[in-house]
Amino acid sequence: MAKVTFSEDLCKGCGLCVGACPKGIVKLAETRLNVKGHHPAEITDQDSCIACAFCATMCPDCVITVER
């Protein structure tokens, strides 16, 4: 099973990872802000992740880690 983690305090909420996810399970948090004042990315359904790492590849700040 894949495990995706985000360094939320480093995320700038650009949304590139959201558009890159083929399963549509990455989104920007709607109710939380990180220390920089941005809505961080989060995964909505960890079990549906196929560990393609497209989200991590698209992240310009390397805040996403995908473990297989």
# chains A, B, ... in the order shown; residues from 1 in each chain; ligands from 1
$ residues_around --residues "region 36-43 of chain A" --least-positions-apart "5" --cutoff "7 Å" --atoms "only C-alpha atoms" --output "PyMOL selection string"
chain A and resi 6+8-9+11-13+25-30
$ residues_around --residues "Cys52 (chain A)" --least-positions-apart "2" --cutoff "9 Å" --atoms "only C-alpha atoms" --output "PyMOL selection string"
chain A and resi 21-22+49-50+54-56+66
$ select_by_dssp --residues "chain A" --states "strand (DSSP E)" --output "ChimeraX atom specification"
/A:3-6,26-28,41-43,64-67
$ write_last_selection --atoms "all heavy atoms" --output "CSV table (one decimal), in the first residue's frame"
chain,number,residue,atom,x,y,z
A,3,LYS,N,2.0,5.2,0.7
A,3,LYS,CA,1.8,6.2,1.7
A,3,LYS,C,2.4,7.5,1.2
A,3,LYS,O,3.5,7.6,0.8
A,3,LYS,CB,2.6,5.8,3.0
A,3,LYS,CG,2.4,6.8,4.1
A,3,LYS,CD,3.1,6.4,5.3
A,3,LYS,CE,2.9,7.4,6.4
A,3,LYS,NZ,3.8,7.2,7.5
A,4,VAL,N,1.5,8.5,1.2
A,4,VAL,CA,1.9,9.8,0.7
A,4,VAL,C,1.9,10.8,1.9
A,4,VAL,O,0.9,10.8,2.7
A,4,VAL,CB,0.9,10.4,-0.3
A,4,VAL,CG1,1.3,11.8,-0.8
A,4,VAL,CG2,0.8,9.4,-1.5
A,5,THR,N,3.0,11.5,2.1
A,5,THR,CA,3.1,12.5,3.2
A,5,THR,C,3.4,13.8,2.6
A,5,THR,O,4.2,13.9,1.6
A,5,THR,CB,4.1,12.1,4.3
A,5,THR,OG1,5.3,11.8,3.7
A,5,THR,CG2,3.6,10.8,5.0
A,6,PHE,N,3.0,14.9,3.3
A,6,PHE,CA,3.2,16.2,2.9
A,6,PHE,C,3.9,17.0,4.0
A,6,PHE,O,3.5,16.9,5.2
A,6,PHE,CB,1.9,17.0,2.6
A,6,PHE,CG,1.1,16.4,1.4
A,6,PHE,CD1,0.3,15.3,1.6
A,6,PHE,CD2,1.3,16.9,0.1
A,6,PHE,CE1,-0.5,14.8,0.6
A,6,PHE,CE2,0.5,16.3,-0.9
A,6,PHE,CZ,-0.3,15.3,-0.7
A,26,VAL,N,-5.8,14.2,-4.4
A,26,VAL,CA,-5.0,15.3,-3.7
A,26,VAL,C,-5.8,16.6,-3.9
A,26,VAL,O,-6.3,16.9,-4.9
A,26,VAL,CB,-3.7,15.4,-4.4
A,26,VAL,CG1,-2.9,16.5,-3.7
A,26,VAL,CG2,-2.9,14.1,-4.3
A,27,LYS,N,-6.0,17.3,-2.8
A,27,LYS,CA,-6.7,18.6,-2.8
A,27,LYS,C,-6.0,19.6,-1.9
A,27,LYS,O,-5.2,19.2,-1.0
A,27,LYS,CB,-8.1,18.4,-2.4
A,27,LYS,CG,-8.4,18.1,-1.0
A,27,LYS,CD,-9.8,18.1,-0.6
A,27,LYS,CE,-10.0,18.1,0.9
A,27,LYS,NZ,-11.1,18.7,1.3
A,28,LEU,N,-6.4,20.8,-2.0
A,28,LEU,CA,-5.9,21.8,-1.0
A,28,LEU,C,-6.8,21.9,0.1
A,28,LEU,O,-8.1,21.9,-0.1
A,28,LEU,CB,-5.8,23.2,-1.7
A,28,LEU,CG,-4.7,23.3,-2.8
A,28,LEU,CD1,-4.8,24.7,-3.4
A,28,LEU,CD2,-3.4,22.9,-2.4
A,41,ALA,N,-1.6,21.2,0.7
A,41,ALA,CA,-2.1,20.1,0.0
A,41,ALA,C,-2.3,18.9,1.0
A,41,ALA,O,-1.6,18.8,2.0
A,41,ALA,CB,-1.2,19.7,-1.1
A,42,GLU,N,-3.3,18.1,0.7
A,42,GLU,CA,-3.6,16.9,1.5
A,42,GLU,C,-4.1,15.8,0.6
A,42,GLU,O,-4.6,16.1,-0.5
A,42,GLU,CB,-4.5,17.2,2.6
A,42,GLU,CG,-5.9,17.7,2.2
A,42,GLU,CD,-6.8,18.1,3.3
A,42,GLU,OE1,-6.3,18.2,4.5
A,42,GLU,OE2,-8.0,18.3,3.1
A,43,ILE,N,-4.1,14.6,1.1
A,43,ILE,CA,-4.6,13.5,0.3
A,43,ILE,C,-6.0,13.1,1.0
A,43,ILE,O,-6.1,13.1,2.2
A,43,ILE,CB,-3.6,12.3,0.3
A,43,ILE,CG1,-4.1,11.2,-0.7
A,43,ILE,CG2,-3.4,11.7,1.7
A,43,ILE,CD1,-3.0,10.3,-1.2
A,64,ILE,N,6.4,16.7,-1.0
A,64,ILE,CA,5.6,15.5,-1.0
A,64,ILE,C,6.6,14.3,-1.1
A,64,ILE,O,7.5,14.2,-1.9
A,64,ILE,CB,4.7,15.5,-2.2
A,64,ILE,CG1,3.8,16.7,-2.2
A,64,ILE,CG2,3.8,14.2,-2.2
A,64,ILE,CD1,3.0,16.9,-3.5
A,65,THR,N,6.3,13.3,-0.2
A,65,THR,CA,7.0,12.0,-0.2
A,65,THR,C,6.1,10.9,-0.5
A,65,THR,O,5.0,10.8,0.2
A,65,THR,CB,7.7,11.8,1.2
A,65,THR,OG1,8.5,12.9,1.5
A,65,THR,CG2,8.5,10.5,1.2
A,66,VAL,N,6.4,10.0,-1.4
A,66,VAL,CA,5.6,8.9,-1.8
A,66,VAL,C,6.4,7.6,-1.5
A,66,VAL,O,7.5,7.5,-2.0
A,66,VAL,CB,5.2,8.9,-3.3
A,66,VAL,CG1,4.4,7.7,-3.6
A,66,VAL,CG2,4.4,10.2,-3.6
A,67,GLU,N,5.8,6.8,-0.6
A,67,GLU,CA,6.5,5.5,-0.2
A,67,GLU,C,5.7,4.4,-0.8
A,67,GLU,O,4.4,4.4,-0.7
A,67,GLU,CB,6.6,5.4,1.3
A,67,GLU,CG,7.4,6.5,1.9
A,67,GLU,CD,7.4,6.4,3.4
A,67,GLU,OE1,7.6,5.3,4.0
A,67,GLU,OE2,7.1,7.4,4.0
$ residues_around --residues "Met58 (chain A)" --least-positions-apart "3" --cutoff "9 Å" --atoms "only C-alpha atoms" --output "MDAnalysis selection string"
chainID A and resid 16:17 20 53:55 61:62
$ decode --residues "region 29-60 of chain A" --atoms "N, CA and C atoms" --output "short mmCIF file (atom, residue, chain, number, x, y, z; two decimals), in the first residue's frame"
data_model
loop_
_atom_site.label_atom_id
_atom_site.label_comp_id
_atom_site.auth_asym_id
_atom_site.auth_seq_id
_atom_site.Cartn_x
_atom_site.Cartn_y
_atom_site.Cartn_z
N ALA A 29 -6.31 21.91 1.33
CA ALA A 29 -7.15 21.96 2.53
C ALA A 29 -8.02 23.21 2.49
N GLU A 30 -9.27 23.04 2.82
CA GLU A 30 -10.20 24.18 2.78
C GLU A 30 -10.31 24.88 4.12
N THR A 31 -10.09 24.16 5.21
CA THR A 31 -10.32 24.74 6.53
C THR A 31 -9.05 24.98 7.33
N ARG A 32 -7.89 24.58 6.81
CA ARG A 32 -6.64 24.73 7.54
C ARG A 32 -5.68 25.62 6.79
N LEU A 33 -4.86 26.33 7.54
CA LEU A 33 -3.76 27.12 6.99
C LEU A 33 -2.47 26.63 7.63
N ASN A 34 -1.38 26.67 6.87
CA ASN A 34 -0.08 26.30 7.46
C ASN A 34 0.57 27.54 8.06
N VAL A 35 1.80 27.41 8.53
CA VAL A 35 2.48 28.54 9.18
C VAL A 35 2.75 29.70 8.24
N LYS A 36 2.75 29.43 6.94
CA LYS A 36 2.97 30.49 5.96
C LYS A 36 1.66 31.16 5.55
N GLY A 37 0.53 30.65 6.02
CA GLY A 37 -0.76 31.23 5.71
C GLY A 37 -1.39 30.68 4.43
N HIS A 38 -0.89 29.56 3.94
CA HIS A 38 -1.41 28.93 2.73
C HIS A 38 -2.25 27.71 3.09
N HIS A 39 -3.18 27.36 2.20
CA HIS A 39 -3.92 26.12 2.35
C HIS A 39 -3.03 25.00 1.83
N PRO A 40 -2.56 24.10 2.70
CA PRO A 40 -1.63 23.05 2.26
C PRO A 40 -2.35 21.93 1.51
N ALA A 41 -1.61 21.23 0.70
CA ALA A 41 -2.14 20.07 -0.01
C ALA A 41 -2.32 18.92 0.96
N GLU A 42 -3.30 18.08 0.67
CA GLU A 42 -3.55 16.90 1.48
C GLU A 42 -4.13 15.81 0.60
N ILE A 43 -4.06 14.59 1.08
CA ILE A 43 -4.62 13.46 0.34
C ILE A 43 -5.96 13.10 0.98
N THR A 44 -6.96 12.85 0.17
CA THR A 44 -8.30 12.59 0.69
C THR A 44 -8.58 11.11 0.91
N ASP A 45 -7.90 10.24 0.17
CA ASP A 45 -8.15 8.80 0.29
C ASP A 45 -6.84 8.04 0.08
N GLN A 46 -6.13 7.82 1.15
CA GLN A 46 -4.82 7.17 1.09
C GLN A 46 -4.90 5.79 0.44
N ASP A 47 -5.98 5.06 0.68
CA ASP A 47 -6.12 3.71 0.14
C ASP A 47 -6.26 3.68 -1.38
N SER A 48 -6.71 4.77 -1.98
CA SER A 48 -6.88 4.82 -3.44
C SER A 48 -5.60 5.22 -4.18
N CYS A 49 -4.58 5.62 -3.44
CA CYS A 49 -3.32 6.05 -4.05
C CYS A 49 -2.63 4.88 -4.76
N ILE A 50 -2.17 5.12 -5.98
CA ILE A 50 -1.48 4.09 -6.76
C ILE A 50 0.04 4.29 -6.75
N ALA A 51 0.53 5.22 -5.97
CA ALA A 51 1.96 5.51 -5.81
C ALA A 51 2.65 5.86 -7.12
N CYS A 52 1.96 6.59 -7.98
CA CYS A 52 2.57 6.99 -9.25
C CYS A 52 3.60 8.10 -9.06
N ALA A 53 3.49 8.84 -7.97
CA ALA A 53 4.40 9.93 -7.61
C ALA A 53 4.33 11.13 -8.56
N PHE A 54 3.26 11.24 -9.33
CA PHE A 54 3.10 12.42 -10.18
C PHE A 54 3.00 13.68 -9.32
N CYS A 55 2.34 13.59 -8.19
CA CYS A 55 2.19 14.75 -7.31
C CYS A 55 3.57 15.23 -6.82
N ALA A 56 4.39 14.28 -6.39
CA ALA A 56 5.73 14.62 -5.90
C ALA A 56 6.61 15.17 -7.00
N THR A 57 6.46 14.65 -8.21
CA THR A 57 7.25 15.12 -9.34
C THR A 57 6.89 16.56 -9.70
N MET A 58 5.62 16.91 -9.60
CA MET A 58 5.16 18.25 -9.97
C MET A 58 5.46 19.30 -8.90
N CYS A 59 5.67 18.88 -7.66
CA CYS A 59 5.85 19.83 -6.56
C CYS A 59 7.17 20.59 -6.70
N PRO A 60 7.09 21.91 -6.88
CA PRO A 60 8.33 22.69 -7.05
C PRO A 60 9.14 22.83 -5.77
#
